[in-house]
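With mmCIF, C-alpha atoms inside, this is protein-v2.cif:
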```
data_coords
loop_
_atom_site.label_atom_id
_atom_site.label_comp_id
_atom_site.auth_asym_id
_atom_site.auth_seq_id
_atom_site.Cartn_x
_atom_site.Cartn_y
_atom_site.Cartn_z
CA MET A 283 95.88 211.00 29.17
CA GLN A 284 95.23 214.07 27.04
CA THR A 285 93.92 217.19 28.82
CA LEU A 286 93.89 220.87 28.01
CA THR A 287 96.49 221.59 30.70
CA GLY A 288 98.65 218.48 30.26
CA ASN A 289 98.32 217.71 33.98
CA ALA A 290 95.62 215.02 34.20
CA LEU A 291 96.18 214.24 37.89
CA GLY A 292 96.06 217.90 38.90
CA ASP A 293 92.96 218.52 36.80
CA PHE A 294 91.18 215.62 38.47
CA LEU A 295 92.17 216.72 41.98
CA ARG A 296 91.04 220.29 41.37
CA ALA A 297 87.71 219.19 39.93
CA SER A 298 87.14 216.73 42.79
CA ARG A 299 87.80 219.24 45.58
CA GLY A 300 85.82 221.89 43.71
CA SER A 301 82.73 219.68 43.70
CA LEU A 302 82.89 218.77 47.43
CA HIS A 303 81.25 221.17 49.86
CA PRO A 304 83.05 221.61 53.22
CA GLN A 305 80.06 220.28 55.15
CA GLU A 306 80.15 217.07 53.08
CA ALA A 307 83.79 216.69 54.14
CA GLY A 308 82.95 217.26 57.81
CA LEU A 309 84.23 220.86 57.90
CA ALA A 310 82.38 223.81 59.37
CA GLY A 311 81.96 226.98 57.35
CA GLY A 312 79.18 228.85 55.64
CA ARG A 313 78.77 229.36 51.93
CA GLY A 314 78.78 233.15 52.23
CA THR A 315 82.28 233.45 53.67
CA ARG A 316 84.09 231.40 51.02
CA ARG A 317 85.63 232.51 47.74
CA VAL A 318 85.67 228.96 46.30
CA ALA A 319 82.70 226.66 45.83
CA GLY A 320 84.42 223.54 47.11
CA LEU A 321 87.36 222.71 49.35
CA ARG A 322 90.54 224.76 49.47
CA ARG A 323 93.87 223.06 48.85
CA GLU A 324 94.81 223.58 52.48
CA GLU A 325 91.64 221.86 53.64
CA VAL A 326 92.30 218.80 51.50
CA ALA A 327 95.83 218.67 52.89
CA VAL A 328 94.57 218.78 56.48
CA LEU A 329 91.95 216.10 55.85
CA ALA A 330 94.51 213.88 54.11
CA GLY A 331 97.20 214.43 56.73
CA VAL A 332 99.80 215.82 54.31
CA SER A 333 101.49 219.20 54.20
CA ALA A 334 99.81 222.00 52.29
CA ASP A 335 102.98 222.50 50.27
CA TYR A 336 103.12 218.81 49.28
CA TYR A 337 99.48 218.77 48.20
CA ALA A 338 99.95 222.00 46.20
CA ARG A 339 102.93 220.49 44.39
CA LEU A 340 100.92 217.35 43.66
CA GLU A 341 98.03 219.32 42.20
CA GLN A 342 100.37 221.56 40.20
CA GLY A 343 102.19 218.60 38.68
CA ARG A 344 105.48 219.31 40.47
CA GLU A 345 105.21 216.13 42.56
CA ARG A 346 105.04 213.05 40.36
CA SER A 347 105.52 210.10 42.71
CA PRO A 348 102.92 210.02 45.49
CA SER A 349 102.79 206.88 47.60
CA SER A 350 99.75 204.62 47.72
CA GLN A 351 99.23 205.71 51.34
CA VAL A 352 99.04 209.37 50.29
CA LEU A 353 96.67 208.60 47.42
CA ASP A 354 94.43 206.60 49.72
CA ALA A 355 94.34 209.45 52.24
CA ILE A 356 93.48 211.98 49.52
CA ALA A 357 90.77 209.70 48.14
CA ARG A 358 89.20 209.50 51.62
CA ALA A 359 89.47 213.26 52.07
CA LEU A 360 87.74 213.90 48.76
CA ARG A 361 85.06 211.25 49.42
CA LEU A 362 85.84 209.50 46.13
CA ASP A 363 83.72 206.52 45.12
CA THR A 364 85.20 203.25 43.88
CA ASP A 365 85.50 204.28 40.22
CA SER A 366 86.96 207.68 41.07
CA ARG A 367 89.41 206.22 43.57
CA GLY A 368 90.70 203.76 40.98
CA HIS A 369 90.96 206.57 38.45
CA LEU A 370 93.05 208.62 40.89
CA TYR A 371 95.50 205.74 41.33
CA ARG A 372 95.83 205.21 37.60
CA LEU A 373 96.44 208.90 36.93
CA ALA A 374 99.27 208.74 39.45
CA GLY A 375 100.76 205.74 37.64
CA MET A 376 100.04 203.29 40.45
CA ASN A 377 98.17 200.76 38.31
CA PRO A 378 99.46 199.13 35.11
CA SER A 379 97.71 200.07 31.89
CA LEU A 380 96.47 197.47 29.44
CA ARG A 381 99.13 195.29 27.88
CA ALA A 382 100.58 196.62 24.65
CA GLY A 383 99.48 194.50 21.72
CA SER A 384 96.63 192.87 23.63
CA SER A 385 93.65 191.47 21.77
CA ARG A 386 91.32 194.22 22.94
CA ASP A 387 90.16 194.97 19.38
CA LEU A 388 89.56 191.30 18.46
CA VAL A 389 86.32 189.64 19.52
CA ASP A 390 86.68 186.01 20.55
CA PRO A 391 84.63 183.57 18.42
CA ALA A 392 82.93 182.26 21.57
CA LEU A 393 81.77 185.79 22.39
CA LEU A 394 80.40 186.18 18.85
CA THR A 395 78.38 183.01 19.39
CA LEU A 396 77.09 184.40 22.68
CA LEU A 397 76.03 187.61 20.94
CA ASP A 398 73.87 185.67 18.49
CA SER A 399 72.20 183.79 21.34
CA PHE A 400 70.49 187.01 22.48
CA VAL A 401 67.70 186.71 19.92
CA ALA A 402 65.30 189.08 21.74
CA ALA A 403 67.90 191.65 22.83
CA ALA A 404 70.24 194.17 21.23
CA ALA A 405 73.78 193.04 22.11
CA TYR A 406 77.13 194.41 21.03
CA VAL A 407 80.78 194.54 22.06
CA LEU A 408 82.55 197.85 22.65
CA GLY A 409 86.30 198.47 22.57
CA PRO A 410 88.07 200.86 24.98
CA SER A 411 87.39 203.88 22.75
CA PHE A 412 83.76 202.76 22.26
CA ASP A 413 84.31 201.36 18.79
CA ILE A 414 81.54 198.84 18.09
CA LEU A 415 83.54 195.67 17.48
CA ALA A 416 80.64 193.26 16.99
CA THR A 417 76.83 193.22 17.06
CA ASN A 418 74.02 190.72 16.93
CA SER A 419 71.25 191.20 14.37
CA PRO A 420 68.87 193.28 16.56
CA ALA A 421 71.72 195.63 17.57
CA ALA A 422 72.84 196.01 13.96
CA ALA A 423 69.27 196.91 13.01
CA LEU A 424 68.94 199.35 15.91
CA LEU A 425 72.15 201.15 14.90
CA ALA A 426 71.46 201.04 11.16
CA PRO A 427 70.58 204.78 10.98
CA PHE A 428 74.22 205.51 11.80
CA ALA A 429 75.80 203.02 9.40
CA GLN A 430 78.45 204.45 7.10
CA PRO A 431 78.68 202.36 3.91
CA GLY A 432 82.22 202.16 2.63
CA ALA A 433 83.71 203.71 5.77
CA GLU A 434 86.95 202.23 7.07
CA GLY A 435 86.99 200.82 10.57
CA PRO A 436 84.16 200.17 13.01
CA LEU A 437 81.40 202.57 13.97
CA ASN A 438 82.34 204.62 17.04
CA MET A 439 79.53 205.37 19.50
CA VAL A 440 81.10 208.56 20.85
CA LYS A 441 81.42 210.01 17.34
CA VAL A 442 77.84 208.96 16.61
CA LEU A 443 76.54 210.78 19.69
CA PHE A 444 78.42 214.03 19.11
CA LEU A 445 78.87 214.21 15.33
CA HIS A 446 76.02 212.37 13.62
CA PRO A 447 73.14 214.67 12.56
CA GLU A 448 70.50 212.08 13.57
CA ALA A 449 71.88 211.36 17.05
CA LYS A 450 69.50 213.62 18.97
CA SER A 451 66.53 212.33 16.96
CA VAL A 452 67.25 208.68 17.68
CA PHE A 453 68.55 209.11 21.25
CA ILE A 454 65.79 211.31 22.64
CA GLU A 455 67.47 211.33 26.08
CA TRP A 456 70.69 212.51 24.44
CA ASP A 457 71.93 214.54 27.41
CA SER A 458 71.96 211.62 29.84
CA VAL A 459 73.34 209.17 27.27
CA THR A 460 76.23 211.45 26.31
CA ARG A 461 77.04 212.23 29.93
CA ALA A 462 77.26 208.54 30.87
CA THR A 463 79.29 207.77 27.73
CA VAL A 464 81.90 210.49 28.29
CA HIS A 465 82.28 209.62 31.96
CA ALA A 466 82.87 205.98 31.00
CA LEU A 467 85.33 206.99 28.26
CA HIS A 468 87.23 209.05 30.84
CA LEU A 469 87.44 205.99 33.06
CA ASN A 470 88.77 203.90 30.15
CA ALA A 471 91.37 206.56 29.40
CA GLY A 472 92.63 206.27 32.97
CA TYR A 473 93.05 202.52 32.54
CA ASP A 474 94.84 202.90 29.22
CA PRO A 475 96.22 206.45 28.89
CA ASN A 476 98.33 205.68 25.81
CA ASN A 477 95.62 203.92 23.83
CA PRO A 478 96.04 205.36 20.30
CA ALA A 479 92.32 205.04 19.50
CA ILE A 480 91.32 207.01 22.59
CA MET A 481 93.98 209.65 21.91
CA ALA A 482 92.81 210.04 18.28
CA LEU A 483 89.19 210.28 19.46
CA LEU A 484 90.08 213.06 21.90
CA ASP A 485 91.98 214.94 19.20
CA GLU A 486 88.84 214.85 17.06
CA LEU A 487 86.23 215.62 19.71
CA LEU A 488 87.83 218.04 22.16
CA PRO A 489 87.13 220.93 19.74
CA VAL A 490 83.40 220.05 20.02
CA ASP A 491 81.94 222.24 22.78
CA ALA A 492 79.43 219.69 24.13
CA PHE A 493 82.07 216.96 24.38
CA ARG A 494 84.75 219.23 25.83
CA THR A 495 82.42 220.46 28.58
CA LEU A 496 81.65 216.91 29.71
CA TRP A 497 85.27 215.77 29.40
CA ASN A 498 86.61 218.67 31.45
CA ASP A 499 84.30 218.08 34.41
CA GLN A 500 86.65 215.15 35.18
CA THR A 501 83.86 212.80 36.29
CA VAL A 502 84.60 209.10 35.89
CA ALA A 503 82.07 206.27 36.13
CA GLY A 504 81.74 202.86 34.58
CA LEU A 505 78.81 202.00 32.36
CA ALA A 506 76.09 200.86 34.73
CA ARG A 507 72.61 199.42 34.36
CA ALA A 508 70.82 201.95 32.19
CA TYR A 509 67.44 202.62 30.63
CA LYS A 510 67.59 203.95 27.07
CA VAL A 511 64.92 205.16 24.69
CA PHE A 512 65.42 205.03 20.94
CA VAL A 513 63.17 206.50 18.27
CA HIS A 514 64.01 204.46 15.19
CA PRO A 515 62.95 205.84 11.80
CA SER A 516 61.55 202.45 10.74
CA VAL A 517 59.61 201.25 13.81
CA GLY A 518 59.38 204.19 16.20
CA ARG A 519 59.97 204.13 19.95
CA ILE A 520 61.98 201.29 21.54
CA GLU A 521 62.74 201.20 25.27
CA LEU A 522 65.56 198.97 26.46
CA THR A 523 67.24 198.23 29.79
CA TYR A 524 70.99 197.76 29.34
CA GLN A 525 73.37 195.66 31.38
CA THR A 526 77.15 195.96 30.88
CA PHE A 527 79.65 193.14 31.37
CA GLU A 528 83.45 193.33 31.35
CA VAL A 529 85.13 190.89 28.97
CA ARG A 530 87.78 189.37 31.20
CA ASP A 531 89.75 187.72 28.37
CA ALA A 532 90.12 191.04 26.52
CA PRO A 533 90.77 193.91 28.95
CA GLY A 534 88.98 197.04 27.82
CA GLN A 535 86.19 195.26 25.96
CA GLN A 536 82.63 195.43 27.27
CA LEU A 537 79.53 193.46 26.34
CA LEU A 538 76.31 195.50 26.38
CA VAL A 539 72.93 193.77 26.30
CA GLY A 540 69.73 195.81 25.93
CA THR A 541 66.47 194.00 26.64
CA PRO A 542 62.88 195.20 26.24
CA ALA A 543 60.19 194.36 28.78
CA ILE A 544 58.62 190.99 27.95
CA GLY A 545 55.41 191.40 25.98
CA SER A 546 55.88 195.14 25.56
CA SER A 547 55.45 197.21 22.42
CA SER A 548 59.25 197.68 22.50
CA ALA A 549 59.74 193.90 22.30
CA ASP A 550 57.46 193.78 19.26
CA ALA A 551 59.22 196.77 17.67
CA LEU A 552 62.69 195.28 18.20
CA ALA A 553 61.57 191.95 16.73
CA LEU A 554 60.05 193.70 13.72
CA LEU A 555 63.18 195.80 13.28
CA GLY A 556 65.38 192.71 13.34
CA SER A 557 63.16 191.03 10.75
CA LEU A 558 63.24 194.07 8.45
CA HIS A 559 67.03 194.27 8.79
CA ALA A 560 67.46 190.57 8.01
CA THR A 561 65.22 190.86 4.95
CA ALA A 562 67.19 193.85 3.70
CA ALA A 563 70.47 192.02 4.27
CA ARG A 564 69.25 189.01 2.27
CA GLY A 565 68.27 191.36 -0.56
CA VAL A 566 71.73 192.91 -0.64
CA HIS A 567 73.45 189.52 -0.78
CA ALA A 568 71.02 187.90 -3.23
#
```
Give the structure from this file in structure tokens form.
Amino acid sequence: MQTLTGNALGDFLRASRGSLHPQEAGLAGGRGTRRVAGLRREEVAVLAGVSADYYARLEQGRERSPSSQVLDAIARALRLDTDSRGHLYRLAGMNPSLRAGSSRDLVDPALLTLLDSFVAAAAYVLGPSFDILATNSPAAALLAPFAQPGAEGPLNMVKVLFLHPEAKSVFIEWDSVTRATVHALHLNAGYDPNNPAIMALLDELLPVDAFRTLWNDQTVAGLARAYKVFVHPSVGRIELTYQTFEVRDAPGQQLLVGTPAIGSSSADALALLGSLHATAARGVHA
């Protein structure tokens, strides 16, 4: 995984102990007597039951082969949640990455059929780097402001959020959307650290201050149930609740389905948007 220091495991460990207050870890000690905001290396070592020297070498990148028992002890010491614990293991090389040459960028025909069955929802399939691999008609209409006619390759949601001039106008809760997206991208990078699309995306976006700040906080979290508000230039405000599903047959792919409340103005707006998009598409192909 690409980082500014080249030591992804050490960066994650430092960020994790820096965000954990001693009292949260069961240690005594006041805020006024400490020179660091979070735990010291020595404290993590004591809590994990390893030597201070060993933990220092692990964080500095001089120890490359920790055992699963050591990783588990460190995860407990740092109070890591399920996503963060899995990320720690993957950074240490304890879990296999996605298979080389897998079909993660190909959407199964059965999944395409499922997409089209969500007639009152915006549904799309994301790849590991958040390329939009497939959409149903409402999702295509919702994302139309970001379409790039003649562009090669699929639309990438991370690039849209950080590089497109209309992103903050359409995603009015841009801060929370970008934070969740970068944290999920970081999790994907842990699963598949050599993914060329993720590596190319990082090369392009790490120079962007807003992205780099979120990336370097080292937080990892999968895409969860989320409420999103769009302000579409054609129909105005649309509020959707998103659910995310892992595509088991294509590791790294995720199906996102955004539904409006039944009978709401958002449901009417999404239906109107889909109708306008379909009419425009028929005109193009006439």
*Run the PyMOL selection byres ((chain A and resi 410) around 8) mentally over the shown coordinates, then write out the matched residues as a PyMOL selection string, using the chain letters and numbers from the document.*
chain A and resi 386+408-409+411-413+467+470-471+480+534-535
*If the PyMOL selection byres ((chain A and resi 444) around 10) is run on the structure shown, which residues does it catch, given as a PyMOL selection string?*
chain A and resi 439-443+445-450+456+460+487+490-493
_Here is a test: counting all atoms listed in the file, which residue of A:Leu353, A:Leu552, A:Leu291, A:Leu302 is nearest to Ala319 of chain A?_
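The closest residue to Ala319 of chain A is A:Leu302.
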*Of the candidates A:Thr526, A:Thr495, A:Ser333, A:Ser458, which shows the shortest atom-to-atom distance to Val511 of chain A, using only C-alpha atoms?*
A:Ser458
_the PyMOL selection byres ((chain A and resi 390) around 12) resolved against shown file, as JSON, numbers by chain_ = {"A": [385, 386, 387, 388, 389, 391, 392, 393, 394, 395, 396, 397, 407, 415, 416, 529, 530, 531, 532, 535, 537]}
*Considering all atoms listed in the file, return as an MDAnalysis selection string whatever protein or nucleic-acid residues lie within 12 Å of Ser546 of chain A, sequence-local ones (same chain, fewer than 6 positions apart) excluded.*
chainID A and resid 402 519:522 552:553
*Which residue, A:Arg339, A:Arg344, A:Arg322, A:Arg299, has the smallest gap to Arg361 of chain A when you use all atoms listed in the file?*
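Smallest separation from Arg361 of chain A among the options: A:Arg299.
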*To one decimal place, how far is atom CA of Thr523 of chain A from atom CA of Ala508 of chain A in Å?*
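It comes out at 5.7 Å.
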Give the padded box for segment 363-372 of chain A as AutoDock Vina command-line options: axis-aligned, covering all atoms listed in the file, 5 Å on each side, centre and edge lengths in Å to one decimal.
```
--center_x 89.8 --center_y 205.9 --center_z 41.4 --size_x 22.1 --size_y 15.4 --size_z 17.5
```
*Work out how far apart atom CA of Leu329 of chain A and atom CA of Met376 of chain A are and give it in Å to one decimal.*
21.6 Å
_Straight-line distance linking atom CA of Pro475 of chain A with atom CA of Thr364 of chain A, stated in Å to one decimal_ =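 For atom CA of Pro475 of chain A relative to atom CA of Thr364 of chain A, the distance reads 18.9 Å.
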*Would you mind telling me which residue in A:Phe294, A:Tyr524, A:Tyr509, A:Phe400 lies nearest to Ala357 of chain A when using all atoms listed in the file?*
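For Ala357 of chain A, the nearest of the candidates is A:Phe294.
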*With distances taken over all atoms listed in the file, which of A:Pro427, A:Gly343, A:Pro420, A:Gly331 is nearest to Pro515 of chain A?*
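Counting all atoms listed in the file, the residue closest to Pro515 of chain A is A:Pro427.
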_Nearest to Gln525 of chain A, chosen from A:Leu362, A:Ala403, A:Ile414, A:Ala551, with only C-alpha atoms counted in the distances_ = A:Ala403
*Contact residues around Glu341 of chain A with only C-alpha atoms at 7 Å, ignoring same-chain residues under 4 positions, as an NGL selection string*: :A and (291-292 or 295 or 337)
*Name the residues in contact with Val452 of chain A at a cut-off of 6 Å, using all atoms listed in the file, excluding same-chain residues fewer than 6 positions from it; report them as a VMD selection string.*
chain A and resid 512 to 514
Could segment 497-518 of chain A be completed with N, CA, C and O atoms and returned as a PDB file, in the coordinates of the input?
```
ATOM      1  N   TRP A 497      83.939 216.344  29.147  1.00  0.00           N
ATOM      2  CA  TRP A 497      85.270 215.770  29.400  1.00  0.00           C
ATOM      3  C   TRP A 497      85.989 216.538  30.513  1.00  0.00           C
ATOM      4  O   TRP A 497      86.606 215.945  31.386  1.00  0.00           O
ATOM      5  N   ASN A 498      85.855 217.848  30.504  1.00  0.00           N
ATOM      6  CA  ASN A 498      86.610 218.670  31.450  1.00  0.00           C
ATOM      7  C   ASN A 498      85.998 218.705  32.845  1.00  0.00           C
ATOM      8  O   ASN A 498      86.618 219.255  33.759  1.00  0.00           O
ATOM      9  N   ASP A 499      84.807 218.130  33.040  1.00  0.00           N
ATOM     10  CA  ASP A 499      84.300 218.080  34.410  1.00  0.00           C
ATOM     11  C   ASP A 499      84.967 216.972  35.225  1.00  0.00           C
ATOM     12  O   ASP A 499      84.751 216.860  36.428  1.00  0.00           O
ATOM     13  N   GLN A 500      85.773 216.132  34.526  1.00  0.00           N
ATOM     14  CA  GLN A 500      86.650 215.150  35.180  1.00  0.00           C
ATOM     15  C   GLN A 500      85.890 214.030  35.905  1.00  0.00           C
ATOM     16  O   GLN A 500      86.480 213.293  36.681  1.00  0.00           O
ATOM     17  N   THR A 501      84.603 213.877  35.654  1.00  0.00           N
ATOM     18  CA  THR A 501      83.860 212.800  36.290  1.00  0.00           C
ATOM     19  C   THR A 501      84.165 211.472  35.619  1.00  0.00           C
ATOM     20  O   THR A 501      84.248 211.386  34.393  1.00  0.00           O
ATOM     21  N   VAL A 502      84.357 210.433  36.417  1.00  0.00           N
ATOM     22  CA  VAL A 502      84.600 209.100  35.890  1.00  0.00           C
ATOM     23  C   VAL A 502      83.566 208.146  36.480  1.00  0.00           C
ATOM     24  O   VAL A 502      83.260 208.212  37.667  1.00  0.00           O
ATOM     25  N   ALA A 503      83.039 207.262  35.665  1.00  0.00           N
ATOM     26  CA  ALA A 503      82.070 206.270  36.130  1.00  0.00           C
ATOM     27  C   ALA A 503      81.941 205.185  35.086  1.00  0.00           C
ATOM     28  O   ALA A 503      81.873 205.480  33.883  1.00  0.00           O
ATOM     29  N   GLY A 504      81.932 203.951  35.524  1.00  0.00           N
ATOM     30  CA  GLY A 504      81.740 202.860  34.580  1.00  0.00           C
ATOM     31  C   GLY A 504      80.322 202.817  34.055  1.00  0.00           C
ATOM     32  O   GLY A 504      79.397 203.369  34.659  1.00  0.00           O
ATOM     33  N   LEU A 505      80.149 202.172  32.897  1.00  0.00           N
ATOM     34  CA  LEU A 505      78.810 202.000  32.360  1.00  0.00           C
ATOM     35  C   LEU A 505      78.013 201.100  33.307  1.00  0.00           C
ATOM     36  O   LEU A 505      78.414 199.982  33.604  1.00  0.00           O
ATOM     37  N   ALA A 506      76.893 201.596  33.770  1.00  0.00           N
ATOM     38  CA  ALA A 506      76.090 200.860  34.730  1.00  0.00           C
ATOM     39  C   ALA A 506      74.789 200.418  34.059  1.00  0.00           C
ATOM     40  O   ALA A 506      74.555 200.644  32.875  1.00  0.00           O
ATOM     41  N   ARG A 507      73.942 199.771  34.840  1.00  0.00           N
ATOM     42  CA  ARG A 507      72.610 199.420  34.360  1.00  0.00           C
ATOM     43  C   ARG A 507      71.905 200.709  33.933  1.00  0.00           C
ATOM     44  O   ARG A 507      71.880 201.681  34.681  1.00  0.00           O
ATOM     45  N   ALA A 508      71.370 200.715  32.723  1.00  0.00           N
ATOM     46  CA  ALA A 508      70.820 201.950  32.190  1.00  0.00           C
ATOM     47  C   ALA A 508      69.562 201.690  31.383  1.00  0.00           C
ATOM     48  O   ALA A 508      69.411 200.637  30.750  1.00  0.00           O
ATOM     49  N   TYR A 509      68.667 202.657  31.412  1.00  0.00           N
ATOM     50  CA  TYR A 509      67.440 202.620  30.630  1.00  0.00           C
ATOM     51  C   TYR A 509      67.600 203.599  29.464  1.00  0.00           C
ATOM     52  O   TYR A 509      67.933 204.772  29.675  1.00  0.00           O
ATOM     53  N   LYS A 510      67.412 203.109  28.251  1.00  0.00           N
ATOM     54  CA  LYS A 510      67.590 203.950  27.070  1.00  0.00           C
ATOM     55  C   LYS A 510      66.354 203.903  26.188  1.00  0.00           C
ATOM     56  O   LYS A 510      65.722 202.852  26.045  1.00  0.00           O
ATOM     57  N   VAL A 511      66.057 205.047  25.609  1.00  0.00           N
ATOM     58  CA  VAL A 511      64.920 205.160  24.690  1.00  0.00           C
ATOM     59  C   VAL A 511      65.439 205.549  23.318  1.00  0.00           C
ATOM     60  O   VAL A 511      66.165 206.537  23.170  1.00  0.00           O
ATOM     61  N   PHE A 512      65.070 204.750  22.329  1.00  0.00           N
ATOM     62  CA  PHE A 512      65.420 205.030  20.940  1.00  0.00           C
ATOM     63  C   PHE A 512      64.136 205.377  20.179  1.00  0.00           C
ATOM     64  O   PHE A 512      63.073 204.823  20.456  1.00  0.00           O
ATOM     65  N   VAL A 513      64.246 206.274  19.218  1.00  0.00           N
ATOM     66  CA  VAL A 513      63.170 206.500  18.270  1.00  0.00           C
ATOM     67  C   VAL A 513      63.736 206.160  16.889  1.00  0.00           C
ATOM     68  O   VAL A 513      64.451 206.964  16.285  1.00  0.00           O
ATOM     69  N   HIS A 514      63.435 204.945  16.443  1.00  0.00           N
ATOM     70  CA  HIS A 514      64.010 204.460  15.190  1.00  0.00           C
ATOM     71  C   HIS A 514      63.140 204.889  14.024  1.00  0.00           C
ATOM     72  O   HIS A 514      61.907 204.828  14.095  1.00  0.00           O
ATOM     73  N   PRO A 515      63.752 205.349  12.929  1.00  0.00           N
ATOM     74  CA  PRO A 515      62.950 205.840  11.800  1.00  0.00           C
ATOM     75  C   PRO A 515      62.053 204.785  11.166  1.00  0.00           C
ATOM     76  O   PRO A 515      61.065 205.132  10.514  1.00  0.00           O
ATOM     77  N   SER A 516      62.354 203.499  11.369  1.00  0.00           N
ATOM     78  CA  SER A 516      61.550 202.450  10.740  1.00  0.00           C
ATOM     79  C   SER A 516      60.410 201.935  11.610  1.00  0.00           C
ATOM     80  O   SER A 516      59.343 201.585  11.095  1.00  0.00           O
ATOM     81  N   VAL A 517      60.617 201.885  12.939  1.00  0.00           N
ATOM     82  CA  VAL A 517      59.610 201.250  13.810  1.00  0.00           C
ATOM     83  C   VAL A 517      59.186 202.135  14.980  1.00  0.00           C
ATOM     84  O   VAL A 517      58.329 201.742  15.769  1.00  0.00           O
ATOM     85  N   GLY A 518      59.780 203.298  15.122  1.00  0.00           N
ATOM     86  CA  GLY A 518      59.380 204.190  16.200  1.00  0.00           C
ATOM     87  C   GLY A 518      60.092 203.914  17.513  1.00  0.00           C
ATOM     88  O   GLY A 518      61.238 203.473  17.536  1.00  0.00           O
TER      89      GLY A 518
END
```
